[in-house]
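Each remark here refers to the structure printed beneath this line.
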Protein chains: 2
Amino acid sequence: MALVTTSTAKPGARSRLSPEERRAQLLQLGVRMLATRSLDELSIDVFAEEAGVSRGLLYHYFGNKQDFHEAVVRYAADDLIAQTAPPVDGDPLERLSVSVTAYLTYVENNYEGYLSLVKGAMSGNETMRAIYEEARATLTDRIFREDAQGEIVDDTPLNRLLARGWAAMCEQLVLEWMKEPGAVSRTELLSVMAVSFPALVAALD
Amino acid sequence: MALVTTSTAKPGARSRLSPEERRAQLLQLGVRMLATRSLDELSIDVFAEEAGVSRGLLYHYFGNKQDFHEAVVRYAADDLIAQTAPPVDGDPLERLSVSVTAYLTYVENNYEGYLSLVKGAMSGNETMRAIYEEARATLTDRIFREDAQGEIVDDTPLNRLLARGWAAMCEQLVLEWMKEPGAVSRTELLSVMAVSFPALVAALD
């Protein structure tokens, strides 16, 4: 992927982008800015100045600040989903491990943006909450789609519930670990996340 | 215990309560009201009318709406901690199971109040977040205090982190289950929560 990190051209630079491409480029830049600041700090003014585009262009593409924020958070969610996609082939547990490692890397590289996604879920804003819940559902339900042969777990209501609980645990583990990364090694943290889901399922059999 | 549910006297009723007792009685009533409505819906006006007290009395005790909400949420958090206290004696796993059952019962009986606590954590309000984080830290760190002999888990940074992750998982499991209680039985849910923590620790040994 690396959509978010490879493009260094400013959207204001002269180019022959289609409106869709230009819009996507602005969103990429928005997500990149969220790596180091919260959603509240990402005003249209700040964004316009850093992106080197007019406020009018932003309003043209995104309507208002609220719509712009929603578009950025949705882009971040899609980006998270894309960047944590497990490899197509290989041992199911190994694929889960790769996916979990990509998840931690994503949060490390996009901490504020990720926090915005999580906080959006709990805010009064129903759209933000829907974006978050959709993203989390995609991330966890993917386990059952990727594992259609039931190599890791059978697709049962209990295991689906367990996957949601496990995802909340991983989110909490990563957020707590980011606050104090010294106490537990990165390797240990990754091991906890990768091993815990099959262990939970096995313990309940 | 059961402070919230036993008292049926209205705070406005003639009584010889001390100011502290009267304040506590108002908070109990506030928490009880949160069982069926959100914090946002609990205005001073609504509360004063239902409690049969004057708005002036409420402002006298709590300052303003924000302070009143904080006091109610803090009271709810303390109540949650008290009601989920594990028994003093017995097998550690059995005590964990009793505590987890009390937690589910608490959420079932105080759903909106509990949601207010969880949502408060993610709101922009730092005090609400602190109340929530304090409560969750007390709930999880209790495992290590109650289990000082390490009968369930050793007290290590990794296991402390794991306990926080497990608590987030339990919260998610209960909130998801409350939305759709039919798919997984209450007994299964309780089993997941009680069994999962030792299973997680064992899987990482």
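Going through the structure tokens in order, the chains are called A, B, and so on, while each chain numbers its residues from 1 and the ligands are numbered from 1 in the order shown.
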
Legend entry - Residue contacts of Ala202 (chain A) (9 Å, only C-alpha atoms) excluding same-chain residues fewer than 4 positions away, as a ChimeraX atom specification: /A:153,197-198 /B:199

Inset, instruction - For region 65-74 of chain B, work out the shell of residues within 10 Å, counting only C-alpha atoms and skipping chain neighbours fewer than 5 positions away, then give it as a ChimeraX atom specification. - result: /B:23-24,26-32,34,39-40,42-45,58-59,79-80,113-114,116-118,120,125,127-128,130-132,134-135

Kindly save the residues from that selection, with N, CA and C atoms included, as a compact mmCIF listing (two decimals), in the first residue's frame.
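The new file selection.txt reads:
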```txt
# COMPACT_ATOMS: atom_id res chain seq x y z
N ARG B 23 -26.42 14.21 50.24
CA ARG B 23 -25.66 14.25 48.99
C ARG B 23 -25.56 12.84 48.40
N ALA B 24 -25.22 11.88 49.26
CA ALA B 24 -25.07 10.49 48.79
C ALA B 24 -26.40 9.96 48.26
N LEU B 26 -28.79 11.70 46.90
CA LEU B 26 -29.03 12.30 45.58
C LEU B 26 -28.21 11.59 44.51
N LEU B 27 -26.99 11.23 44.84
CA LEU B 27 -26.14 10.54 43.86
C LEU B 27 -26.68 9.14 43.56
N GLN B 28 -27.14 8.46 44.60
CA GLN B 28 -27.74 7.13 44.39
C GLN B 28 -28.90 7.22 43.41
N LEU B 29 -29.70 8.25 43.63
CA LEU B 29 -30.84 8.44 42.76
C LEU B 29 -30.38 8.76 41.32
N GLY B 30 -29.32 9.56 41.21
CA GLY B 30 -28.77 9.89 39.90
C GLY B 30 -28.31 8.63 39.16
N VAL B 31 -27.60 7.77 39.86
CA VAL B 31 -27.13 6.53 39.24
C VAL B 31 -28.32 5.66 38.84
N ARG B 32 -29.32 5.62 39.72
CA ARG B 32 -30.50 4.80 39.42
C ARG B 32 -31.18 5.33 38.16
N LEU B 34 -29.72 6.74 35.73
CA LEU B 34 -28.87 6.41 34.58
C LEU B 34 -29.09 4.99 34.08
N LEU B 39 -26.38 10.06 30.20
CA LEU B 39 -25.94 11.22 30.97
C LEU B 39 -26.49 12.52 30.37
N ASP B 40 -26.47 12.58 29.03
CA ASP B 40 -26.95 13.79 28.36
C ASP B 40 -28.41 14.07 28.69
N LEU B 42 -29.85 13.42 31.47
CA LEU B 42 -30.03 13.68 32.90
C LEU B 42 -29.71 15.14 33.21
N SER B 43 -30.64 16.01 32.88
CA SER B 43 -30.44 17.43 33.17
C SER B 43 -30.78 17.71 34.63
N ILE B 44 -30.32 18.85 35.10
CA ILE B 44 -30.65 19.27 36.46
C ILE B 44 -32.18 19.40 36.61
N ASP B 45 -32.83 19.92 35.58
CA ASP B 45 -34.29 20.09 35.64
C ASP B 45 -35.01 18.75 35.80
N LEU B 58 -29.81 21.33 44.37
CA LEU B 58 -28.84 20.59 43.55
C LEU B 58 -27.60 21.44 43.28
N TYR B 59 -27.83 22.70 42.92
CA TYR B 59 -26.69 23.57 42.68
C TYR B 59 -25.88 23.75 43.96
N ASP B 79 -19.58 2.32 42.82
CA ASP B 79 -20.60 1.31 43.02
C ASP B 79 -20.25 0.03 42.24
N LEU B 80 -19.80 0.22 41.00
CA LEU B 80 -19.37 -0.93 40.19
C LEU B 80 -18.23 -1.68 40.89
N GLY B 113 -26.17 3.63 32.70
CA GLY B 113 -25.17 4.21 33.59
C GLY B 113 -23.78 3.70 33.26
N TYR B 114 -23.70 2.42 32.96
CA TYR B 114 -22.41 1.84 32.59
C TYR B 114 -21.92 2.41 31.26
N SER B 116 -22.58 5.29 30.12
CA SER B 116 -22.14 6.67 30.39
C SER B 116 -20.70 6.68 30.89
N LEU B 117 -20.38 5.69 31.72
CA LEU B 117 -19.02 5.58 32.24
C LEU B 117 -18.04 5.31 31.09
N VAL B 118 -18.40 4.37 30.23
CA VAL B 118 -17.53 4.00 29.11
C VAL B 118 -17.39 5.15 28.12
N GLY B 120 -17.87 8.28 28.73
CA GLY B 120 -17.17 9.37 29.40
C GLY B 120 -15.67 9.26 29.19
N ASN B 125 -13.79 15.12 27.89
CA ASN B 125 -13.71 15.53 29.29
C ASN B 125 -12.66 14.71 30.05
N THR B 127 -11.76 14.76 33.17
CA THR B 127 -12.16 14.22 34.48
C THR B 127 -12.91 12.91 34.30
N MET B 128 -13.83 12.87 33.32
CA MET B 128 -14.58 11.64 33.05
C MET B 128 -13.63 10.51 32.66
N ALA B 130 -10.53 10.24 33.48
CA ALA B 130 -9.76 9.83 34.66
C ALA B 130 -10.59 8.92 35.56
N ILE B 131 -11.88 9.24 35.72
CA ILE B 131 -12.75 8.40 36.56
C ILE B 131 -12.82 6.99 35.98
N TYR B 132 -13.01 6.91 34.67
CA TYR B 132 -13.11 5.61 34.01
C TYR B 132 -11.80 4.83 34.13
N GLU B 134 -9.40 5.15 36.24
CA GLU B 134 -9.18 4.78 37.64
C GLU B 134 -9.99 3.53 37.99
N ALA B 135 -11.26 3.54 37.55
CA ALA B 135 -12.15 2.41 37.86
C ALA B 135 -11.63 1.14 37.20
```

Legend entry - Residue nearest chain B - candidates A:Ile143, A:Val53, A:Ala203, A:Val100, atoms counted: only C-alpha atoms: A:Ala203

Legend entry - Exercise answer, chain B residues close to chain A, 10 Å and only C-alpha atoms, as a PyMOL selection string: chain B and resi 118-124+156-177+182-185+188-189+191-193+195-204

Selected residues, C-alpha atoms, written as a PDB file, in the first residue's frame, please.
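Output (again_0.pdb):
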```pdb
ATOM      1  CA  VAL B 118     -17.525   3.997  29.109  1.00  0.00           C
ATOM      2  CA  LYS B 119     -18.465   6.890  26.841  1.00  0.00           C
ATOM      3  CA  GLY B 120     -17.171   9.374  29.402  1.00  0.00           C
ATOM      4  CA  ALA B 121     -13.759   7.770  28.982  1.00  0.00           C
ATOM      5  CA  MET B 122     -13.663   8.696  25.314  1.00  0.00           C
ATOM      6  CA  SER B 123     -15.242  12.108  25.572  1.00  0.00           C
ATOM      7  CA  GLY B 124     -13.135  15.218  25.539  1.00  0.00           C
ATOM      8  CA  THR B 156       4.761  -9.203  35.957  1.00  0.00           C
ATOM      9  CA  PRO B 157       4.535  -6.203  33.593  1.00  0.00           C
ATOM     10  CA  LEU B 158       3.353  -8.538  30.829  1.00  0.00           C
ATOM     11  CA  ASN B 159       0.584 -10.008  32.997  1.00  0.00           C
ATOM     12  CA  ARG B 160      -0.462  -6.532  34.149  1.00  0.00           C
ATOM     13  CA  LEU B 161      -0.749  -5.501  30.496  1.00  0.00           C
ATOM     14  CA  LEU B 162      -2.626  -8.698  29.751  1.00  0.00           C
ATOM     15  CA  ALA B 163      -5.080  -7.983  32.583  1.00  0.00           C
ATOM     16  CA  ARG B 164      -5.843  -4.582  31.052  1.00  0.00           C
ATOM     17  CA  GLY B 165      -6.377  -6.184  27.664  1.00  0.00           C
ATOM     18  CA  TRP B 166      -8.566  -8.869  29.193  1.00  0.00           C
ATOM     19  CA  ALA B 167     -10.684  -6.216  30.938  1.00  0.00           C
ATOM     20  CA  ALA B 168     -11.204  -4.420  27.616  1.00  0.00           C
ATOM     21  CA  MET B 169     -12.198  -7.741  26.083  1.00  0.00           C
ATOM     22  CA  CYS B 170     -14.736  -8.411  28.845  1.00  0.00           C
ATOM     23  CA  GLU B 171     -16.202  -4.946  28.423  1.00  0.00           C
ATOM     24  CA  GLN B 172     -16.547  -5.473  24.681  1.00  0.00           C
ATOM     25  CA  LEU B 173     -17.987  -8.968  25.105  1.00  0.00           C
ATOM     26  CA  VAL B 174     -20.631  -7.726  27.526  1.00  0.00           C
ATOM     27  CA  LEU B 175     -21.585  -4.682  25.437  1.00  0.00           C
ATOM     28  CA  GLU B 176     -21.818  -6.767  22.238  1.00  0.00           C
ATOM     29  CA  TRP B 177     -23.757  -9.473  24.039  1.00  0.00           C
ATOM     30  CA  GLY B 182     -29.837 -14.503  21.983  1.00  0.00           C
ATOM     31  CA  ALA B 183     -26.892 -15.742  19.938  1.00  0.00           C
ATOM     32  CA  VAL B 184     -24.734 -16.807  22.881  1.00  0.00           C
ATOM     33  CA  SER B 185     -26.105 -17.937  26.247  1.00  0.00           C
ATOM     34  CA  GLU B 188     -21.374 -19.268  27.838  1.00  0.00           C
ATOM     35  CA  LEU B 189     -20.584 -15.572  28.109  1.00  0.00           C
ATOM     36  CA  SER B 191     -17.587 -18.911  31.049  1.00  0.00           C
ATOM     37  CA  VAL B 192     -15.660 -16.990  28.363  1.00  0.00           C
ATOM     38  CA  MET B 193     -14.874 -14.183  30.776  1.00  0.00           C
ATOM     39  CA  VAL B 195     -11.835 -18.885  31.792  1.00  0.00           C
ATOM     40  CA  SER B 196     -10.126 -16.525  29.368  1.00  0.00           C
ATOM     41  CA  PHE B 197      -7.759 -14.710  31.701  1.00  0.00           C
ATOM     42  CA  PRO B 198      -5.963 -17.773  33.103  1.00  0.00           C
ATOM     43  CA  ALA B 199      -6.034 -19.310  29.604  1.00  0.00           C
ATOM     44  CA  LEU B 200      -4.318 -16.245  28.134  1.00  0.00           C
ATOM     45  CA  VAL B 201      -1.648 -16.272  30.809  1.00  0.00           C
ATOM     46  CA  ALA B 202      -1.085 -20.010  30.375  1.00  0.00           C
ATOM     47  CA  ALA B 203      -0.794 -19.683  26.581  1.00  0.00           C
ATOM     48  CA  LEU B 204       2.021 -17.178  26.965  1.00  0.00           C
TER      49      LEU B 204
END
```

Legend entry - Pick from A:Ile81, A:Phe62, A:Glu21, A:Pro92, whichever lies nearest to Gln149 (chain A) using only C-alpha atoms: A:Pro92

Legend entry - Members of chain A assigned alpha helix (DSSP H) by DSSP, as number ranges by chain: A: 3-6, 19-34, 44-51, 55-62, 65-83, 92-109, 111-122, 126-146, 157-179, 186-203

Dump C-alpha atoms for the selected residues as a short mmCIF file (atom, residue, chain, number, x, y, z; two decimals), in the first residue's frame?
```
data_model
loop_
_atom_site.label_atom_id
_atom_site.label_comp_id
_atom_site.auth_asym_id
_atom_site.auth_seq_id
_atom_site.Cartn_x
_atom_site.Cartn_y
_atom_site.Cartn_z
CA LEU A 3 -0.43 5.23 -0.47
CA VAL A 4 -0.19 7.45 2.52
CA THR A 5 3.57 7.58 2.70
CA THR A 6 4.90 7.47 -0.85
CA PRO A 19 -10.96 15.39 -9.45
CA GLU A 20 -11.10 11.90 -7.86
CA GLU A 21 -7.32 11.65 -7.77
CA ARG A 22 -7.00 15.12 -6.31
CA ARG A 23 -9.60 14.36 -3.66
CA ALA A 24 -7.77 11.14 -2.73
CA GLN A 25 -4.49 13.02 -2.55
CA LEU A 26 -6.00 15.55 -0.15
CA LEU A 27 -7.33 12.74 2.03
CA GLN A 28 -3.94 11.01 2.08
CA LEU A 29 -2.41 14.25 3.24
CA GLY A 30 -5.14 14.59 5.88
CA VAL A 31 -4.40 11.13 7.26
CA ARG A 32 -0.67 11.87 7.20
CA MET A 33 -1.30 15.02 9.23
CA LEU A 34 -3.30 12.98 11.76
CA ILE A 44 -9.67 23.58 7.39
CA ASP A 45 -7.37 26.60 7.84
CA VAL A 46 -4.42 24.56 9.10
CA PHE A 47 -4.94 21.96 6.43
CA ALA A 48 -5.26 24.49 3.60
CA GLU A 49 -2.06 26.22 4.64
CA GLU A 50 0.00 23.03 5.00
CA ALA A 51 -1.40 21.51 1.83
CA ARG A 55 -9.92 26.91 1.59
CA GLY A 56 -12.39 27.22 -1.27
CA LEU A 57 -10.99 24.10 -2.93
CA LEU A 58 -11.40 22.15 0.31
CA TYR A 59 -14.99 23.28 0.74
CA HIS A 60 -15.55 22.36 -2.90
CA TYR A 61 -14.33 18.81 -2.34
CA PHE A 62 -15.58 18.16 1.19
CA LYS A 65 -15.21 20.68 8.33
CA GLN A 66 -17.37 17.88 9.69
CA ASP A 67 -17.62 16.20 6.27
CA PHE A 68 -13.90 16.66 5.76
CA HIS A 69 -13.15 15.00 9.10
CA GLU A 70 -15.47 12.12 8.29
CA ALA A 71 -13.83 11.63 4.89
CA VAL A 72 -10.35 11.66 6.48
CA VAL A 73 -11.34 9.16 9.18
CA ARG A 74 -13.01 6.91 6.63
CA TYR A 75 -9.87 7.06 4.50
CA ALA A 76 -7.77 6.18 7.59
CA ALA A 77 -10.07 3.23 8.35
CA ASP A 78 -9.83 1.94 4.77
CA ASP A 79 -6.08 2.41 4.90
CA LEU A 80 -5.85 0.45 8.17
CA ILE A 81 -7.91 -2.37 6.66
CA ALA A 82 -5.74 -2.44 3.52
CA GLN A 83 -2.43 -2.29 5.37
CA PRO A 92 -3.40 -19.60 8.96
CA LEU A 93 -1.61 -18.85 12.23
CA GLU A 94 1.31 -17.34 10.34
CA ARG A 95 -1.09 -15.17 8.34
CA LEU A 96 -2.77 -14.01 11.57
CA SER A 97 0.64 -13.13 12.95
CA VAL A 98 1.55 -11.09 9.85
CA SER A 99 -1.75 -9.24 10.07
CA VAL A 100 -1.29 -8.45 13.77
CA THR A 101 2.24 -7.19 13.15
CA ALA A 102 0.95 -4.93 10.38
CA TYR A 103 -1.70 -3.64 12.79
CA LEU A 104 0.87 -2.68 15.42
CA THR A 105 3.07 -1.06 12.76
CA TYR A 106 0.11 0.91 11.48
CA VAL A 107 -0.70 2.26 14.95
CA GLU A 108 2.96 3.09 15.58
CA ASN A 109 3.15 5.04 12.32
CA TYR A 111 -0.83 7.04 16.29
CA GLU A 112 -2.94 10.21 16.34
CA GLY A 113 -4.93 9.16 13.31
CA TYR A 114 -5.70 5.83 14.92
CA LEU A 115 -6.70 7.52 18.18
CA SER A 116 -9.03 9.76 16.18
CA LEU A 117 -10.68 6.66 14.76
CA VAL A 118 -11.08 5.11 18.23
CA LYS A 119 -12.29 8.32 19.86
CA GLY A 120 -14.67 8.95 16.98
CA ALA A 121 -16.37 5.70 17.90
CA MET A 122 -17.26 7.00 21.32
CA GLU A 126 -23.08 8.59 14.72
CA THR A 127 -21.21 8.64 11.40
CA MET A 128 -17.83 8.43 13.13
CA ARG A 129 -19.10 5.59 15.26
CA ALA A 130 -20.38 3.77 12.19
CA ILE A 131 -17.02 4.16 10.42
CA TYR A 132 -15.21 2.72 13.41
CA GLU A 133 -17.61 -0.18 13.95
CA GLU A 134 -17.52 -1.02 10.24
CA ALA A 135 -13.72 -1.03 10.29
CA ARG A 136 -13.53 -3.20 13.39
CA ALA A 137 -16.15 -5.58 12.03
CA THR A 138 -14.17 -5.89 8.80
CA LEU A 139 -10.95 -6.56 10.70
CA THR A 140 -12.44 -9.28 12.88
CA ASP A 141 -14.87 -10.88 10.45
CA ARG A 142 -11.95 -11.23 8.04
CA ILE A 143 -10.65 -13.98 10.32
CA PHE A 144 -13.64 -16.11 9.41
CA ARG A 145 -13.50 -15.32 5.71
CA GLU A 146 -9.75 -16.00 5.51
CA PRO A 157 -21.80 -17.13 17.14
CA LEU A 158 -19.60 -17.68 20.21
CA ASN A 159 -16.37 -17.49 18.18
CA ARG A 160 -17.62 -14.40 16.34
CA LEU A 161 -18.29 -12.76 19.71
CA LEU A 162 -14.88 -13.91 20.90
CA ALA A 163 -13.21 -12.37 17.84
CA ARG A 164 -14.83 -9.00 18.65
CA GLY A 165 -13.64 -9.30 22.25
CA TRP A 166 -10.16 -10.27 21.11
CA ALA A 167 -10.01 -7.25 18.77
CA ALA A 168 -10.95 -4.94 21.67
CA MET A 169 -8.21 -6.59 23.71
CA CYS A 170 -5.62 -6.05 20.95
CA GLU A 171 -6.64 -2.41 20.63
CA GLN A 172 -6.30 -1.91 24.39
CA LEU A 173 -2.97 -3.77 24.52
CA VAL A 174 -1.51 -1.64 21.75
CA LEU A 175 -2.79 1.66 23.17
CA GLU A 176 -1.52 0.81 26.68
CA TRP A 177 1.79 -0.40 25.31
CA MET A 178 2.26 2.78 23.25
CA LYS A 179 1.93 4.81 26.45
CA ARG A 186 7.51 -5.35 21.10
CA THR A 187 8.10 -9.03 20.39
CA GLU A 188 6.22 -10.05 23.54
CA LEU A 189 3.34 -7.77 22.64
CA LEU A 190 3.12 -9.23 19.13
CA SER A 191 3.24 -12.72 20.55
CA VAL A 192 0.38 -11.94 22.95
CA MET A 193 -1.83 -10.73 20.12
CA ALA A 194 -1.06 -13.53 17.69
CA VAL A 195 -1.24 -16.38 20.19
CA SER A 196 -4.20 -15.19 22.24
CA PHE A 197 -7.02 -15.70 19.77
CA PRO A 198 -6.44 -19.40 19.07
CA ALA A 199 -5.66 -19.89 22.79
CA LEU A 200 -8.98 -18.35 23.77
CA VAL A 201 -10.89 -20.49 21.34
CA ALA A 202 -9.07 -23.62 22.48
CA ALA A 203 -9.73 -22.85 26.16
#
```

Inset, instruction - Kindly give the distance, in Å, that separates CA of Asn110 (chain B) and CA of Thr36 (chain B), rounded to a single decimal. - result: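 So the two atoms, CA of Asn110 (chain B) and CA of Thr36 (chain B), lie 7.6 Å apart.
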